[in-house]
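Below: one structure, written as structure tokens.
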Amino acid sequence: MKMTIEELKIDNFNFIETLSQQYLLANGSFIDTNRSLTQIINDFNTLSGTRPKLRSLGIYTLIGLKNIYIKLNQESCRKIIDQYIHGIGWHDLQYICFLDIQPSNIYIHIIFNRVTPQGKLIDIKCLGANWQQYEVLRQSCSLIIDNPVHNKYLQRQFCNCCG
């Protein structure tokens with residue numbers, strides 16, 4: 001499996017609407033994903049508004065998982081996302097996540113608010129995935145892909161019911 005991580009600064013949260021029209025809403029943090037897109041975008045803007053001089057309001061992260069040898073469902077992808085976000089220490093950020101699940105590729109689109117609910121600010125100088133982020137992503141994927149519950153190939157390999 002090939003993994004890619006791209007991180008870009010964004011000046012507003014209107015991109016959330018574009019992503020929602022093309023991809024599956026997976027989950028979010030510090031927002032109610034059952035609300036309308038307008039309300040979700042307003043929630044992002046409200047939090048960013050606590051830092052009025054801020055120009056780049058958010059971070060867009062695109063994670064590509066290519067040439068995956070097993071079929072992952074939405075729930076498996078959510079677990080990978082959760083593990084990854086916790087692993088890089090951004091679990092205290094407001095974010096919304098969308099999935100593009102293809103037969104052997106998965107693309108994870110995440111919009112992070114740079115302002116934390118506590119009013120702290122994530123520095124955009126840290127943008128650009130480093131080797132630690134790739135290692136966290138690799139471990140996050142391994143927890144799901146290498147688990148027989150999610151992987152039918154491993155279920156057959158470890159199943160003692162086939163004689």
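In the structure tokens, chains take letters A, B, ... by order of appearance, with residues numbered from 1 within each chain and ligands from 1 in the order shown.
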TODO: Find the residues near A:Thr33: any atom within 12 Å, counting only C-alpha atoms, skip ones fewer than 3 places away on the same chain, and give them as a PyMOL selection string.
DONE: chain A and resi 16+20+24-30+36-41+43-44+94-98
For the residues selected in the previous step, produce a file with N, CA, C and O atoms as a compact mmCIF listing (two decimals), in the first residue's frame.
```txt
# COMPACT_ATOMS: atom_id res chain seq x y z
N ILE A 16 -15.58 23.08 2.51
CA ILE A 16 -16.37 22.02 3.15
C ILE A 16 -17.58 21.69 2.28
O ILE A 16 -17.91 20.52 2.08
N SER A 20 -18.42 18.13 0.46
CA SER A 20 -19.67 17.43 0.80
C SER A 20 -20.47 17.03 -0.43
O SER A 20 -21.24 16.08 -0.39
N LEU A 24 -18.32 11.31 0.82
CA LEU A 24 -19.11 10.86 1.97
C LEU A 24 -18.64 11.53 3.25
O LEU A 24 -17.45 11.51 3.55
N LEU A 25 -19.56 12.10 4.00
CA LEU A 25 -19.22 12.67 5.31
C LEU A 25 -18.90 11.52 6.25
O LEU A 25 -19.72 10.62 6.45
N ALA A 26 -17.70 11.52 6.81
CA ALA A 26 -17.28 10.42 7.67
C ALA A 26 -17.50 10.76 9.14
O ALA A 26 -18.13 9.99 9.86
N ASN A 27 -16.96 11.87 9.59
CA ASN A 27 -17.13 12.27 10.99
C ASN A 27 -16.58 13.67 11.19
O ASN A 27 -16.09 14.30 10.27
N GLY A 28 -16.65 14.11 12.41
CA GLY A 28 -16.13 15.42 12.76
C GLY A 28 -15.90 15.50 14.26
O GLY A 28 -16.28 14.60 15.00
N SER A 29 -15.28 16.57 14.67
CA SER A 29 -15.01 16.77 16.09
C SER A 29 -15.31 18.22 16.44
O SER A 29 -14.98 19.13 15.67
N PHE A 30 -15.92 18.42 17.59
CA PHE A 30 -16.32 19.73 18.07
C PHE A 30 -17.33 20.39 17.14
O PHE A 30 -17.40 21.62 17.06
N SER A 36 -26.96 21.27 9.20
CA SER A 36 -26.81 21.61 7.78
C SER A 36 -25.38 22.08 7.51
O SER A 36 -24.68 22.51 8.43
N LEU A 37 -24.98 22.00 6.26
CA LEU A 37 -23.62 22.44 5.90
C LEU A 37 -23.40 23.91 6.23
O LEU A 37 -22.32 24.30 6.68
N THR A 38 -24.41 24.71 6.02
CA THR A 38 -24.31 26.13 6.34
C THR A 38 -24.03 26.31 7.82
O THR A 38 -23.16 27.11 8.21
N GLN A 39 -24.73 25.55 8.67
CA GLN A 39 -24.51 25.65 10.11
C GLN A 39 -23.12 25.14 10.50
O GLN A 39 -22.46 25.71 11.37
N ILE A 40 -22.68 24.06 9.85
CA ILE A 40 -21.34 23.51 10.14
C ILE A 40 -20.27 24.54 9.77
O ILE A 40 -19.36 24.81 10.55
N ILE A 41 -20.39 25.14 8.58
CA ILE A 41 -19.43 26.15 8.16
C ILE A 41 -19.47 27.35 9.10
O ILE A 41 -18.43 27.90 9.47
N ASP A 43 -20.21 27.22 12.25
CA ASP A 43 -19.53 26.79 13.48
C ASP A 43 -18.01 26.94 13.35
O ASP A 43 -17.34 27.39 14.28
N PHE A 44 -17.49 26.57 12.18
CA PHE A 44 -16.05 26.74 11.94
C PHE A 44 -15.68 28.23 11.96
O PHE A 44 -14.68 28.62 12.57
N GLN A 94 -11.05 21.27 16.06
CA GLN A 94 -12.32 21.11 15.36
C GLN A 94 -11.99 20.63 13.94
O GLN A 94 -11.11 21.19 13.29
N TYR A 95 -12.66 19.57 13.51
CA TYR A 95 -12.42 19.10 12.14
C TYR A 95 -13.66 18.42 11.59
O TYR A 95 -14.58 18.04 12.32
N ILE A 96 -13.66 18.31 10.26
CA ILE A 96 -14.69 17.54 9.56
C ILE A 96 -13.96 16.72 8.51
O ILE A 96 -12.96 17.16 7.95
N CYS A 97 -14.47 15.52 8.29
CA CYS A 97 -13.75 14.56 7.44
C CYS A 97 -14.70 13.94 6.41
O CYS A 97 -15.83 13.59 6.72
N PHE A 98 -14.19 13.80 5.18
CA PHE A 98 -14.94 13.19 4.09
C PHE A 98 -14.12 12.05 3.49
O PHE A 98 -12.89 12.10 3.48
```
Open item on the list: as number ranges by chain, please: every residue in chain A that DSSP puts in strand (DSSP E or B).
Closed with: A: 2-10, 24-29, 58-66, 95-101, 105-113, 115, 121
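Distances to A:Thr4 were evaluated for A:Asp146, A:Glu135, A:Asp32, A:Asp123 using only C-alpha atoms, and the minimum falls at A:Glu135.
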Task: A:Gln102, A:Thr61, A:Asn113, A:Asn130 ranked by distance to A:Leu8, top pick (using only C-alpha atoms) - done: A:Thr61
Task: Residue neighbourhood stretch 66-75 of chain A, 9 Å, only C-alpha atoms, exclusion window fewer than 3 positions, as a PyMOL selection string - done: chain A and resi 1-4+24+26+78-80+99+101-107+144-145+150-153
Only N, CA and C atoms, please: the residues just picked out, written as a PDB file, in the first residue's frame.
```
ATOM      1  N   MET A   1       0.847  -1.175   0.000  1.00  0.00           N
ATOM      2  CA  MET A   1       0.000   0.000   0.000  1.00  0.00           C
ATOM      3  C   MET A   1       0.893   1.239   0.000  1.00  0.00           C
ATOM      4  N   LYS A   2       0.525   2.198  -0.822  1.00  0.00           N
ATOM      5  CA  LYS A   2       1.236   3.460  -0.881  1.00  0.00           C
ATOM      6  C   LYS A   2       0.427   4.509  -0.139  1.00  0.00           C
ATOM      7  N   MET A   3       1.109   5.315   0.695  1.00  0.00           N
ATOM      8  CA  MET A   3       0.440   6.352   1.479  1.00  0.00           C
ATOM      9  C   MET A   3       0.987   7.723   1.092  1.00  0.00           C
ATOM     10  N   THR A   4       0.086   8.687   0.978  1.00  0.00           N
ATOM     11  CA  THR A   4       0.500  10.073   0.765  1.00  0.00           C
ATOM     12  C   THR A   4      -0.269  10.961   1.736  1.00  0.00           C
ATOM     13  N   LEU A  24     -18.321  11.312   0.823  1.00  0.00           N
ATOM     14  CA  LEU A  24     -19.109  10.861   1.967  1.00  0.00           C
ATOM     15  C   LEU A  24     -18.645  11.531   3.253  1.00  0.00           C
ATOM     16  N   ALA A  26     -17.698  11.524   6.806  1.00  0.00           N
ATOM     17  CA  ALA A  26     -17.276  10.423   7.671  1.00  0.00           C
ATOM     18  C   ALA A  26     -17.501  10.756   9.140  1.00  0.00           C
ATOM     19  N   ARG A  78     -13.085   5.291   9.408  1.00  0.00           N
ATOM     20  CA  ARG A  78     -13.247   6.183  10.563  1.00  0.00           C
ATOM     21  C   ARG A  78     -12.249   5.831  11.665  1.00  0.00           C
ATOM     22  N   LYS A  79     -12.037   4.547  11.874  1.00  0.00           N
ATOM     23  CA  LYS A  79     -11.081   4.115  12.901  1.00  0.00           C
ATOM     24  C   LYS A  79      -9.659   4.520  12.529  1.00  0.00           C
ATOM     25  N   ILE A  80      -9.309   4.392  11.257  1.00  0.00           N
ATOM     26  CA  ILE A  80      -7.984   4.818  10.797  1.00  0.00           C
ATOM     27  C   ILE A  80      -7.817   6.325  11.029  1.00  0.00           C
ATOM     28  N   LEU A  99     -14.825  11.032   2.977  1.00  0.00           N
ATOM     29  CA  LEU A  99     -14.172   9.858   2.400  1.00  0.00           C
ATOM     30  C   LEU A  99     -14.498   9.704   0.925  1.00  0.00           C
ATOM     31  N   ILE A 101     -14.072   6.471  -1.173  1.00  0.00           N
ATOM     32  CA  ILE A 101     -13.692   5.054  -1.140  1.00  0.00           C
ATOM     33  C   ILE A 101     -13.849   4.467  -2.532  1.00  0.00           C
ATOM     34  N   GLN A 102     -12.731   4.038  -3.105  1.00  0.00           N
ATOM     35  CA  GLN A 102     -12.701   3.400  -4.419  1.00  0.00           C
ATOM     36  C   GLN A 102     -12.278   1.947  -4.226  1.00  0.00           C
ATOM     37  N   PRO A 103     -12.387   1.111  -5.262  1.00  0.00           N
ATOM     38  CA  PRO A 103     -12.067  -0.313  -5.082  1.00  0.00           C
ATOM     39  C   PRO A 103     -10.696  -0.605  -4.461  1.00  0.00           C
ATOM     40  N   SER A 104      -9.634   0.063  -4.889  1.00  0.00           N
ATOM     41  CA  SER A 104      -8.327  -0.226  -4.277  1.00  0.00           C
ATOM     42  C   SER A 104      -7.625   1.029  -3.746  1.00  0.00           C
ATOM     43  N   ASN A 105      -8.343   2.150  -3.716  1.00  0.00           N
ATOM     44  CA  ASN A 105      -7.790   3.403  -3.205  1.00  0.00           C
ATOM     45  C   ASN A 105      -8.799   4.073  -2.283  1.00  0.00           C
ATOM     46  N   ILE A 106      -8.272   4.722  -1.266  1.00  0.00           N
ATOM     47  CA  ILE A 106      -9.118   5.507  -0.365  1.00  0.00           C
ATOM     48  C   ILE A 106      -8.472   6.876  -0.206  1.00  0.00           C
ATOM     49  N   TYR A 107      -9.303   7.910  -0.328  1.00  0.00           N
ATOM     50  CA  TYR A 107      -8.833   9.270  -0.120  1.00  0.00           C
ATOM     51  C   TYR A 107      -9.617   9.859   1.044  1.00  0.00           C
ATOM     52  N   ILE A 144      -6.011  -1.571  11.704  1.00  0.00           N
ATOM     53  CA  ILE A 144      -7.268  -1.949  11.053  1.00  0.00           C
ATOM     54  C   ILE A 144      -7.043  -3.055  10.028  1.00  0.00           C
ATOM     55  N   ILE A 145      -6.107  -2.832   9.114  1.00  0.00           N
ATOM     56  CA  ILE A 145      -5.907  -3.773   8.002  1.00  0.00           C
ATOM     57  C   ILE A 145      -5.409  -5.128   8.487  1.00  0.00           C
ATOM     58  N   HIS A 150     -11.492  -7.079  10.333  1.00  0.00           N
ATOM     59  CA  HIS A 150     -11.699  -6.212   9.177  1.00  0.00           C
ATOM     60  C   HIS A 150     -11.176  -6.816   7.882  1.00  0.00           C
ATOM     61  N   ASN A 151     -10.380  -7.858   7.971  1.00  0.00           N
ATOM     62  CA  ASN A 151      -9.671  -8.383   6.812  1.00  0.00           C
ATOM     63  C   ASN A 151     -10.067  -9.832   6.553  1.00  0.00           C
ATOM     64  N   LYS A 152     -10.877 -10.044   5.520  1.00  0.00           N
ATOM     65  CA  LYS A 152     -11.363 -11.399   5.210  1.00  0.00           C
ATOM     66  C   LYS A 152     -10.211 -12.350   4.876  1.00  0.00           C
ATOM     67  N   TYR A 153      -9.131 -11.846   4.274  1.00  0.00           N
ATOM     68  CA  TYR A 153      -7.975 -12.687   3.965  1.00  0.00           C
ATOM     69  C   TYR A 153      -7.379 -13.240   5.262  1.00  0.00           C
TER      70      TYR A 153
END
```
Open item on the list: Quick check for you: according to DSSP on this backbone, which residues of chain A are classed as helix (DSSP H, G or I)? Reply as number ranges by chain.
Closed with: A: 15-22, 37-48, 74-88, 124-126, 131-145, 152-158
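For the residues A:Asp100, A:Ser142, A:Ser76, A:Leu62, ranking by smallest atom-to-atom distance to A:Gln21 using only C-alpha atoms places A:Asp100 first.
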Task: Pick from A:Thr50, A:Ile10, A:Asn42, A:Cys141 nearest to A:Cys77, counting only C-alpha atoms - done: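 Smallest distance to A:Cys77 is found for A:Cys141.
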TODO: Would you kindly return, as a list in words, each protein, DNA or RNA residue with an atom no farther than 12 Å from any atom of A:Val136, considering only C-alpha atoms and excluding same-chain residues fewer than 4 positions away?
DONE: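 Listing them by chain and then by number gives Met3, Ile5, Ile80, Ile81, Asp82, Gln83, Tyr84, Ile85, His86, Gly87, Ile88, Gly89, Ala129, Asn130, Trp131, Gln132, Ser140, Cys141, Ser142 and Leu143 of chain A.
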TODO: Quick one: pull the distance between atom CA of A:Ile122 and atom CA of A:Asn34, Å, one decimal.
DONE: 26.3 Å
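Nearest to A:Gln118 of all the residues A:Glu6, A:Tyr134, A:Tyr23, A:Asp92 is A:Asp92, counting only C-alpha atoms.
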